[in-house]
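*Asks:* After the structure tokens below, expect a handful of questions from me.
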Amino acid sequence: MRASLISAAVVAALVGYGSTIALVLSAAAAVGATPSQTASWVLAISLAKAAGSAFLSFWHRVPVVLAWSTPGAALIAATSGIGMAQAVGAFVVTGLLIALTGALRPLGRAVALIPDGIAGGMLAGVLLPFCLKGAGAAQAAPVLVLPMVAVFALVRLVNPALAVLSALALGLALSFTLGEAIWPALTLPLPRLEFIAPAFDAGTMIGLALPLYLVTMASQNLPGFATLRAAGYEPPVQSALGVTGGLSAISALFGAHTTSMAAITAAICLGPDVHPDRDQRWKVGLAYAGVWVALGLFSPAILALLGALPAEVMLALVALALLGALTGALTTGYVVPEQRFAASLTLVITAAGAPFLGIGAAFWGLVAGLGLFALERAWATRR
């Protein structure tokens, strides 16, 4: 185990945790999670990522790095009227759907038939409201937020992966230095997993579980496989979907949302600077797993620290963390001319966030986009 393997794993884990933990906390708040359930959520998903990364890397001798579904967390944070038990039911179903996608190839092909533009429009509609809140945060607390934005922009020129983490570090420093936050009493109690009985209802399954499955597949798993392939590795698609889906279904019972393939943080673990011998780079998955176990065990202290920050800092952090994903979603949504209008309709309906018949806006945005695209294709064929 070379030092370069450990350092790459530490950086990748810290970037993944620090850049999007605020979004996970927003998701937990949106479904009414208690503080103990939120701590269980973070611990369960940290352990799931650790177990999956270690197993897949060891079994296939490929550097497989897992992440939590960032767009999935954004989708959950945008929901309303759903309690924690219903959310857990949706998380369980989402995990089972992902596992089934690995086991049943027709299901994977059905997902692949969704036009990229419409999938991108749905994801952009989920992310856009969070990015827009960053401007309001800057207006409400310019002394805290504007320096964070400046540091984010400058660090991104040199190392995009560390830009959000740098903004978080500055936000912490400014908040406590300027007296905008009170330093919490940091104790180190070991967190515990809290079982949450799932509740299943059709509206939540259609409005949350299905969109969560689709955005995780389209925005996390597929790019994660592509990242591995671009680095010269053959991704273990079926077993990865089976493992991440199974772990997601199990960890969901303790509050965690979906575990998936990593893309951006995975790139940190795949280069020659990690190990000159590409056949030895799989060991980074073991080191990465160890770091995530530590992050999960120390989560109560980390969550207490983040919870002491002003709301504007957290809103700005979420907005900055999602800018890259929003850019990618918009690019995907508008790259094919024939899909652009349908993508726009999907984006607008999804971003409006208004549920209908107890079903979330992301589903209706997807239905509207697919319907309009099918209508336009039928009309073009007729002419």
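Every chain in the structure tokens has a letter given in the order shown (A, B, ...), and although residue numbers restart at 1 in each chain, ligands are simply numbered from 1 in the order shown.
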If you count only C-alpha atoms, which residues fall within 10 Å of Thr350 in chain A, apart from same-chain ones fewer than 2 positions away, as number ranges by chain?
*Replies:* A: 75, 78, 121-129, 344-348, 352-355, 360-366, 368
*Asks:* For the selection you just gave me, I'd like the residues written to a file as a PDB file, in the first residue's frame, keeping C-alpha atoms.
*Replies:*
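As a result, out_32.pdb now contains:
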ATOM      1  CA  LEU A  75     -34.122  15.493  -5.722  1.00  0.00           C
ATOM      2  CA  ALA A  78     -36.730  19.332  -3.417  1.00  0.00           C
ATOM      3  CA  GLY A 121     -33.554  18.448 -18.651  1.00  0.00           C
ATOM      4  CA  MET A 122     -35.002  16.580 -15.668  1.00  0.00           C
ATOM      5  CA  LEU A 123     -31.694  16.685 -13.798  1.00  0.00           C
ATOM      6  CA  ALA A 124     -31.228  20.385 -14.605  1.00  0.00           C
ATOM      7  CA  GLY A 125     -34.725  21.094 -13.306  1.00  0.00           C
ATOM      8  CA  VAL A 126     -33.883  19.344 -10.037  1.00  0.00           C
ATOM      9  CA  LEU A 127     -30.614  21.255  -9.594  1.00  0.00           C
ATOM     10  CA  LEU A 128     -31.576  24.737 -10.795  1.00  0.00           C
ATOM     11  CA  PRO A 129     -33.629  25.861  -7.738  1.00  0.00           C
ATOM     12  CA  SER A 344     -36.912  22.745 -21.877  1.00  0.00           C
ATOM     13  CA  LEU A 345     -40.424  21.590 -21.012  1.00  0.00           C
ATOM     14  CA  THR A 346     -38.994  18.875 -18.751  1.00  0.00           C
ATOM     15  CA  LEU A 347     -36.705  21.391 -17.053  1.00  0.00           C
ATOM     16  CA  VAL A 348     -39.446  23.964 -16.419  1.00  0.00           C
ATOM     17  CA  ALA A 352     -41.368  24.402 -10.644  1.00  0.00           C
ATOM     18  CA  GLY A 353     -41.423  21.711  -7.980  1.00  0.00           C
ATOM     19  CA  ALA A 354     -45.215  21.511  -7.846  1.00  0.00           C
ATOM     20  CA  PRO A 355     -46.491  17.988  -7.115  1.00  0.00           C
ATOM     21  CA  GLY A 360     -43.466  14.796  -7.405  1.00  0.00           C
ATOM     22  CA  ALA A 361     -42.672  17.294 -10.165  1.00  0.00           C
ATOM     23  CA  ALA A 362     -39.653  15.369 -11.483  1.00  0.00           C
ATOM     24  CA  PHE A 363     -41.899  12.534 -12.660  1.00  0.00           C
ATOM     25  CA  TRP A 364     -44.331  14.893 -14.381  1.00  0.00           C
ATOM     26  CA  GLY A 365     -41.462  16.735 -16.035  1.00  0.00           C
ATOM     27  CA  LEU A 366     -40.181  13.434 -17.408  1.00  0.00           C
ATOM     28  CA  ALA A 368     -44.275  15.765 -20.284  1.00  0.00           C
TER      29      ALA A 368
END
*Asks:* I'd like the contact shell of range 39-51 of chain A - 6 Å cut-off, only C-alpha atoms, skipping same-chain residues fewer than 6 positions apart - returned as a PyMOL selection string.
*Replies:* chain A and resi 66+193-194+247+251+255-256+289+292-293+296
*Asks:* For the residues in the current selection, export all heavy atoms as a PDB file, in the first residue's frame.
*Replies:*
ATOM      1  N   LEU A  66     -17.025   4.361  -4.956  1.00  0.00           N
ATOM      2  CA  LEU A  66     -18.460   4.628  -4.878  1.00  0.00           C
ATOM      3  C   LEU A  66     -18.721   5.987  -4.239  1.00  0.00           C
ATOM      4  O   LEU A  66     -17.865   6.542  -3.558  1.00  0.00           O
ATOM      5  CB  LEU A  66     -19.170   3.533  -4.076  1.00  0.00           C
ATOM      6  CG  LEU A  66     -19.035   2.104  -4.602  1.00  0.00           C
ATOM      7  CD1 LEU A  66     -19.895   1.153  -3.777  1.00  0.00           C
ATOM      8  CD2 LEU A  66     -19.391   2.010  -6.075  1.00  0.00           C
ATOM      9  N   LEU A 193     -26.494   3.070  14.178  1.00  0.00           N
ATOM     10  CA  LEU A 193     -27.492   2.912  13.135  1.00  0.00           C
ATOM     11  C   LEU A 193     -28.872   2.811  13.766  1.00  0.00           C
ATOM     12  O   LEU A 193     -29.072   2.068  14.728  1.00  0.00           O
ATOM     13  CB  LEU A 193     -27.199   1.653  12.311  1.00  0.00           C
ATOM     14  CG  LEU A 193     -25.877   1.646  11.538  1.00  0.00           C
ATOM     15  CD1 LEU A 193     -25.648   0.291  10.886  1.00  0.00           C
ATOM     16  CD2 LEU A 193     -25.858   2.744  10.486  1.00  0.00           C
ATOM     17  N   GLU A 194     -29.807   3.569  13.237  1.00  0.00           N
ATOM     18  CA  GLU A 194     -31.171   3.588  13.759  1.00  0.00           C
ATOM     19  C   GLU A 194     -32.111   3.020  12.705  1.00  0.00           C
ATOM     20  O   GLU A 194     -32.264   3.585  11.614  1.00  0.00           O
ATOM     21  CB  GLU A 194     -31.577   5.019  14.114  1.00  0.00           C
ATOM     22  CG  GLU A 194     -32.974   5.136  14.697  1.00  0.00           C
ATOM     23  CD  GLU A 194     -33.299   6.543  15.151  1.00  0.00           C
ATOM     24  OE1 GLU A 194     -32.366   7.269  15.581  1.00  0.00           O
ATOM     25  OE2 GLU A 194     -34.478   6.933  15.083  1.00  0.00           O
ATOM     26  N   LEU A 247     -26.668  -2.791  -1.556  1.00  0.00           N
ATOM     27  CA  LEU A 247     -26.244  -1.993  -0.409  1.00  0.00           C
ATOM     28  C   LEU A 247     -27.194  -0.815  -0.164  1.00  0.00           C
ATOM     29  O   LEU A 247     -27.473  -0.461   0.983  1.00  0.00           O
ATOM     30  CB  LEU A 247     -24.822  -1.473  -0.635  1.00  0.00           C
ATOM     31  CG  LEU A 247     -23.696  -2.502  -0.520  1.00  0.00           C
ATOM     32  CD1 LEU A 247     -22.369  -1.895  -0.959  1.00  0.00           C
ATOM     33  CD2 LEU A 247     -23.587  -3.031   0.908  1.00  0.00           C
ATOM     34  N   SER A 251     -28.946  -0.269   3.361  1.00  0.00           N
ATOM     35  CA  SER A 251     -28.652   0.945   4.124  1.00  0.00           C
ATOM     36  C   SER A 251     -29.858   1.875   4.209  1.00  0.00           C
ATOM     37  O   SER A 251     -29.958   2.692   5.125  1.00  0.00           O
ATOM     38  CB  SER A 251     -27.453   1.685   3.510  1.00  0.00           C
ATOM     39  OG  SER A 251     -27.729   2.099   2.180  1.00  0.00           O
ATOM     40  N   GLY A 255     -31.955   4.808   6.996  1.00  0.00           N
ATOM     41  CA  GLY A 255     -32.137   6.201   6.605  1.00  0.00           C
ATOM     42  C   GLY A 255     -31.366   6.658   5.393  1.00  0.00           C
ATOM     43  O   GLY A 255     -31.600   7.765   4.908  1.00  0.00           O
ATOM     44  N   ALA A 256     -30.429   5.870   4.887  1.00  0.00           N
ATOM     45  CA  ALA A 256     -29.533   6.339   3.828  1.00  0.00           C
ATOM     46  C   ALA A 256     -30.207   6.338   2.463  1.00  0.00           C
ATOM     47  O   ALA A 256     -30.998   5.445   2.152  1.00  0.00           O
ATOM     48  CB  ALA A 256     -28.279   5.481   3.782  1.00  0.00           C
ATOM     49  N   ALA A 289     -12.088   2.959   1.260  1.00  0.00           N
ATOM     50  CA  ALA A 289     -13.063   2.380   2.181  1.00  0.00           C
ATOM     51  C   ALA A 289     -12.711   2.718   3.626  1.00  0.00           C
ATOM     52  O   ALA A 289     -13.579   3.062   4.429  1.00  0.00           O
ATOM     53  CB  ALA A 289     -13.130   0.865   1.987  1.00  0.00           C
ATOM     54  N   TRP A 292     -13.691   6.290   4.487  1.00  0.00           N
ATOM     55  CA  TRP A 292     -15.127   6.492   4.647  1.00  0.00           C
ATOM     56  C   TRP A 292     -15.650   5.895   5.945  1.00  0.00           C
ATOM     57  O   TRP A 292     -16.604   6.420   6.534  1.00  0.00           O
ATOM     58  CB  TRP A 292     -15.890   5.930   3.443  1.00  0.00           C
ATOM     59  CG  TRP A 292     -16.039   6.974   2.381  1.00  0.00           C
ATOM     60  CD1 TRP A 292     -15.374   7.058   1.205  1.00  0.00           C
ATOM     61  CD2 TRP A 292     -16.885   8.128   2.454  1.00  0.00           C
ATOM     62  NE1 TRP A 292     -15.753   8.191   0.521  1.00  0.00           N
ATOM     63  CE2 TRP A 292     -16.674   8.855   1.263  1.00  0.00           C
ATOM     64  CE3 TRP A 292     -17.783   8.608   3.382  1.00  0.00           C
ATOM     65  CZ2 TRP A 292     -17.342  10.044   1.000  1.00  0.00           C
ATOM     66  CZ3 TRP A 292     -18.450   9.795   3.128  1.00  0.00           C
ATOM     67  CH2 TRP A 292     -18.238  10.500   1.939  1.00  0.00           C
ATOM     68  N   VAL A 293     -15.044   4.812   6.414  1.00  0.00           N
ATOM     69  CA  VAL A 293     -15.424   4.289   7.729  1.00  0.00           C
ATOM     70  C   VAL A 293     -15.119   5.332   8.799  1.00  0.00           C
ATOM     71  O   VAL A 293     -15.935   5.592   9.694  1.00  0.00           O
ATOM     72  CB  VAL A 293     -14.684   2.974   8.018  1.00  0.00           C
ATOM     73  CG1 VAL A 293     -14.868   2.563   9.478  1.00  0.00           C
ATOM     74  CG2 VAL A 293     -15.190   1.863   7.108  1.00  0.00           C
ATOM     75  N   GLY A 296     -17.594   8.181   8.638  1.00  0.00           N
ATOM     76  CA  GLY A 296     -18.872   7.783   9.207  1.00  0.00           C
ATOM     77  C   GLY A 296     -18.859   7.776  10.720  1.00  0.00           C
ATOM     78  O   GLY A 296     -19.805   8.227  11.375  1.00  0.00           O
TER      79      GLY A 296
END
*Asks:* Pull the closest atom pair for each residue of range 137-217 of chain A that gets at most 8 Å from range 94-105 of chain A, along with the distance in Å to one decimal, counting only C-alpha atoms, ordering rows by chain and then ascending residue number, as CSV.
*Replies:*
residue,atom,partner,partner_atom,distance
A:Ala209,CA,A:Thr94,CA,5.3
A:Leu210,CA,A:Thr94,CA,6.9
A:Leu212,CA,A:Thr94,CA,6.7
A:Tyr213,CA,A:Thr94,CA,5.3
A:Met217,CA,A:Ile98,CA,7.7
*Asks:* For the atom pair CA of Ala197 in chain A and CA of Phe298 in chain A, what is the interatomic distance in Å to one decimal place?
*Replies:*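 We find that CA of Ala197 in chain A and CA of Phe298 in chain A lie 25.1 Å from each other.
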*Asks:* Pick out each residue of range 23-270 of chain A that DSSP on the backbone tags as strand (DSSP E); I need them as a PyMOL selection string.
*Replies:* chain A and resi 66-68+259-261
*Asks:* Fewer than 2 positions away in the same chain doesn't count, so skip those; otherwise give me all residues within 9 Å of Asp201 in chain A, counting only C-alpha atoms, as a list in words.
*Replies:*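 The filter keeps Gln86, Gly89, Ala90, Ala199, Gly203, Thr204, Met205 and Ile206 of chain A.
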*Asks:* My list of candidates is A:Val318, A:Ile114, A:Ala249, A:Ala185. Which is closest to Cys131 in chain A when distances are computed with only C-alpha atoms?
*Replies:* A:Val318
*Asks:* Need the shell around Met314 in chain A: protein/DNA/RNA residues with any atom at most 12 Å away, counting only C-alpha atoms. Skip same-chain ones fewer than 5 positions apart. Format as a PyMOL selection string?
*Replies:* chain A and resi 18-26+130-131+133-134+136-138+141+144-145+148+164+167-169+171-172+175+305-309+319-321
*Asks:* Give the answer as one residue: which of A:Glu180, A:Asp279, A:Asp273, A:Asp116 has the shortest atom-to-atom distance to Pro63 in chain A, using only C-alpha atoms?
*Replies:*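 Closest residue, counting only C-alpha atoms: A:Asp279.
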*Asks:* Mind checking which residues fall within 12 Å of Ala374 in chain A, counting only C-alpha atoms, ignoring those fewer than 6 positions away in the same chain, and posting them as a short mmCIF file (atom, residue, chain, number, x, y, z; two decimals) with all heavy atoms, in the first residue's frame?
*Replies:*
data_model
loop_
_atom_site.label_atom_id
_atom_site.label_comp_id
_atom_site.auth_asym_id
_atom_site.auth_seq_id
_atom_site.Cartn_x
_atom_site.Cartn_y
_atom_site.Cartn_z
N ILE A 114 -34.42 6.28 -22.84
CA ILE A 114 -34.81 7.65 -22.52
C ILE A 114 -33.84 8.61 -23.18
O ILE A 114 -32.63 8.51 -22.99
CB ILE A 114 -34.82 7.88 -21.00
CG1 ILE A 114 -35.85 6.96 -20.32
CG2 ILE A 114 -35.11 9.34 -20.66
CD1 ILE A 114 -35.84 7.04 -18.82
N PRO A 115 -34.30 9.53 -24.01
CA PRO A 115 -33.38 10.45 -24.70
C PRO A 115 -32.51 11.22 -23.71
O PRO A 115 -32.97 11.66 -22.65
CB PRO A 115 -34.34 11.40 -25.44
CG PRO A 115 -35.60 10.61 -25.61
CD PRO A 115 -35.71 9.77 -24.39
N ILE A 118 -33.78 14.73 -22.59
CA ILE A 118 -34.86 14.79 -21.62
C ILE A 118 -34.35 14.41 -20.23
O ILE A 118 -34.73 15.02 -19.22
CB ILE A 118 -36.02 13.88 -22.07
CG1 ILE A 118 -36.60 14.45 -23.37
CG2 ILE A 118 -37.10 13.78 -21.00
CD1 ILE A 118 -37.63 13.57 -24.02
N GLU A 338 -33.06 18.25 -31.93
CA GLU A 338 -34.41 17.71 -31.95
C GLU A 338 -34.99 17.49 -30.55
O GLU A 338 -36.21 17.30 -30.39
CB GLU A 338 -34.43 16.38 -32.72
CG GLU A 338 -34.14 16.50 -34.21
CD GLU A 338 -32.64 16.65 -34.48
OE1 GLU A 338 -31.84 16.47 -33.53
OE2 GLU A 338 -32.28 16.97 -35.63
N GLN A 339 -34.15 17.50 -29.53
CA GLN A 339 -34.62 17.23 -28.17
C GLN A 339 -34.69 18.50 -27.30
O GLN A 339 -35.13 18.44 -26.15
CB GLN A 339 -33.69 16.21 -27.49
CG GLN A 339 -33.64 14.87 -28.18
CD GLN A 339 -32.64 13.92 -27.54
OE1 GLN A 339 -32.14 14.18 -26.44
NE2 GLN A 339 -32.33 12.83 -28.22
N PHE A 341 -36.51 21.37 -27.25
CA PHE A 341 -37.76 21.92 -26.75
C PHE A 341 -38.36 21.00 -25.69
O PHE A 341 -38.86 21.46 -24.65
CB PHE A 341 -38.76 22.14 -27.89
CG PHE A 341 -39.89 23.05 -27.51
CD1 PHE A 341 -39.71 24.42 -27.46
CD2 PHE A 341 -41.14 22.53 -27.19
CE1 PHE A 341 -40.75 25.27 -27.10
CE2 PHE A 341 -42.18 23.37 -26.82
CZ PHE A 341 -41.99 24.74 -26.78
N ALA A 342 -38.29 19.70 -25.94
CA ALA A 342 -38.79 18.73 -24.95
C ALA A 342 -37.96 18.82 -23.67
O ALA A 342 -38.50 18.70 -22.56
CB ALA A 342 -38.75 17.32 -25.52
N VAL A 367 -42.52 12.82 -17.79
CA VAL A 367 -43.66 12.40 -18.61
C VAL A 367 -43.96 13.43 -19.69
O VAL A 367 -44.18 13.09 -20.87
CB VAL A 367 -44.89 12.17 -17.71
CG1 VAL A 367 -46.15 12.00 -18.56
CG2 VAL A 367 -44.68 10.95 -16.83
N ALA A 368 -43.97 14.71 -19.32
CA ALA A 368 -44.28 15.76 -20.28
C ALA A 368 -43.21 15.82 -21.38
O ALA A 368 -43.53 15.96 -22.57
CB ALA A 368 -44.37 17.11 -19.58
N ALA A 380 -42.99 14.68 -37.34
CA ALA A 380 -41.93 14.77 -38.32
C ALA A 380 -41.95 13.57 -39.26
O ALA A 380 -41.71 13.71 -40.49
CB ALA A 380 -40.57 14.86 -37.61
N THR A 381 -42.25 12.39 -38.76
CA THR A 381 -42.32 11.19 -39.58
C THR A 381 -43.49 11.27 -40.57
O THR A 381 -43.38 10.87 -41.73
CB THR A 381 -42.47 9.93 -38.69
OG1 THR A 381 -41.37 9.87 -37.79
CG2 THR A 381 -42.49 8.68 -39.54
#
*Asks:* Just want the 10 Å neighbourhood of Ile6 in chain A, counted on only C-alpha atoms, with same-chain residues fewer than 6 positions away dropped. Output as a PDB file with C-alpha atoms, in the first residue's frame.
*Replies:*
ATOM      1  CA  ALA A  12     -11.174  11.817  -2.992  1.00  0.00           C
ATOM      2  CA  CYS A 269      -8.069   7.685  -7.927  1.00  0.00           C
ATOM      3  CA  VAL A 274      -1.843   7.129  -7.734  1.00  0.00           C
ATOM      4  CA  LYS A 283      -5.793  -1.035  -3.821  1.00  0.00           C
ATOM      5  CA  VAL A 284      -6.948   2.590  -3.681  1.00  0.00           C
ATOM      6  CA  GLY A 285     -10.455   1.176  -3.214  1.00  0.00           C
ATOM      7  CA  LEU A 286      -9.349  -0.396   0.075  1.00  0.00           C
ATOM      8  CA  ALA A 287      -7.803   2.828   1.338  1.00  0.00           C
ATOM      9  CA  TYR A 288     -10.861   4.778   0.222  1.00  0.00           C
ATOM     10  CA  GLY A 290     -11.009   2.949   5.332  1.00  0.00           C
ATOM     11  CA  VAL A 291     -11.345   6.740   5.031  1.00  0.00           C
TER      12      VAL A 291
END
*Asks:* Please determine, counting only C-alpha atoms, which residue among A:Val64, A:Leu303, A:Pro35, A:Ala85 has the shortest atom-to-atom distance to Pro184 in chain A.
*Replies:* A:Leu303
*Asks:* Return as a tab-separated table the residues of range 11-89 of chain A lying at most 10 Å from range 239-242 of chain A, together with the closest atom-to-atom pair for each and the distance in Å to one decimal, counting only C-alpha atoms, with rows in chain order and ascending residue number.
*Replies:*
residue	atom	partner	partner_atom	distance
A:Gly52	CA	A:Ala240	CA	8.3
A:Ser53	CA	A:Ala240	CA	9.4
A:Phe55	CA	A:Ala240	CA	9.8
A:Leu56	CA	A:Ala240	CA	7.0
A:Trp59	CA	A:Ser239	CA	10.0
A:His60	CA	A:Ser239	CA	9.5
A:Val64	CA	A:Ala240	CA	8.7
A:Leu66	CA	A:Ala240	CA	9.4
*Asks:* For the residues in that selection, give me C-alpha atoms as a compact mmCIF listing (two decimals), in the first residue's frame.
*Replies:*
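Output below, filename result32.txt:
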# COMPACT_ATOMS: atom_id res chain seq x y z
CA GLY A 52 -18.94 -1.60 -1.84
CA SER A 53 -15.70 0.11 -2.82
CA PHE A 55 -15.45 -5.47 -2.27
CA LEU A 56 -15.68 -4.43 -5.92
CA TRP A 59 -12.97 -8.80 -6.39
CA HIS A 60 -12.37 -7.32 -9.85
CA VAL A 64 -13.89 1.09 -8.09
CA LEU A 66 -18.46 4.63 -4.88
*Asks:* Give me, as a CSV table (one decimal) with N, CA and C atoms, in the first residue's frame, all polymer residues having an atom no more than 7 Å from range 221-236 of chain A, counting only C-alpha atoms and skipping those fewer than 3 positions away in the same chain.
*Replies:*
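Output below, filename part-v7.csv:
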chain,number,residue,atom,x,y,z
A,62,VAL,N,-10.0,-3.8,-10.0
A,62,VAL,CA,-10.2,-2.6,-10.7
A,62,VAL,C,-10.5,-1.5,-9.6
A,216,THR,N,-30.0,8.7,-10.6
A,216,THR,CA,-28.9,8.0,-10.2
A,216,THR,C,-28.2,7.2,-11.3
A,217,MET,N,-29.0,6.6,-12.1
A,217,MET,CA,-28.5,5.8,-13.2
A,217,MET,C,-27.9,6.7,-14.3
A,218,ALA,N,-28.6,7.8,-14.6
A,218,ALA,CA,-28.2,8.6,-15.7
A,218,ALA,C,-27.0,9.6,-15.3
A,239,SER,N,-22.1,-6.5,-11.9
A,239,SER,CA,-21.8,-6.7,-10.4
A,239,SER,C,-21.8,-5.4,-9.7
A,240,ALA,N,-21.4,-4.3,-10.3
A,240,ALA,CA,-21.4,-3.0,-9.6
A,240,ALA,C,-22.9,-2.5,-9.4
A,260,SER,N,-24.0,4.9,-5.2
A,260,SER,CA,-23.8,4.8,-6.7
A,260,SER,C,-22.3,4.8,-7.1
A,261,MET,N,-22.0,4.7,-8.3
A,261,MET,CA,-20.7,4.8,-8.8
A,261,MET,C,-20.3,6.3,-8.7
A,262,ALA,N,-19.0,6.6,-8.5
A,262,ALA,CA,-18.5,7.9,-8.5
A,262,ALA,C,-17.9,8.2,-9.8
A,263,ALA,N,-17.9,9.5,-10.2
A,263,ALA,CA,-17.3,10.0,-11.4
A,263,ALA,C,-16.2,10.9,-11.2
A,267,ALA,N,-12.1,10.0,-10.6
A,267,ALA,CA,-11.0,10.4,-11.5
A,267,ALA,C,-9.7,10.7,-10.7
A,270,LEU,N,-7.6,7.4,-10.3
A,270,LEU,CA,-7.3,6.5,-11.5
A,270,LEU,C,-6.1,6.8,-12.2
*Asks:* Please determine, counting only C-alpha atoms, which residue among A:Gly333, A:Ala119, A:Leu5, A:Ile268 has the shortest atom-to-atom distance to Pro160 in chain A.
*Replies:*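 Answer, going by the shortest atom-to-atom distance: A:Ile268.
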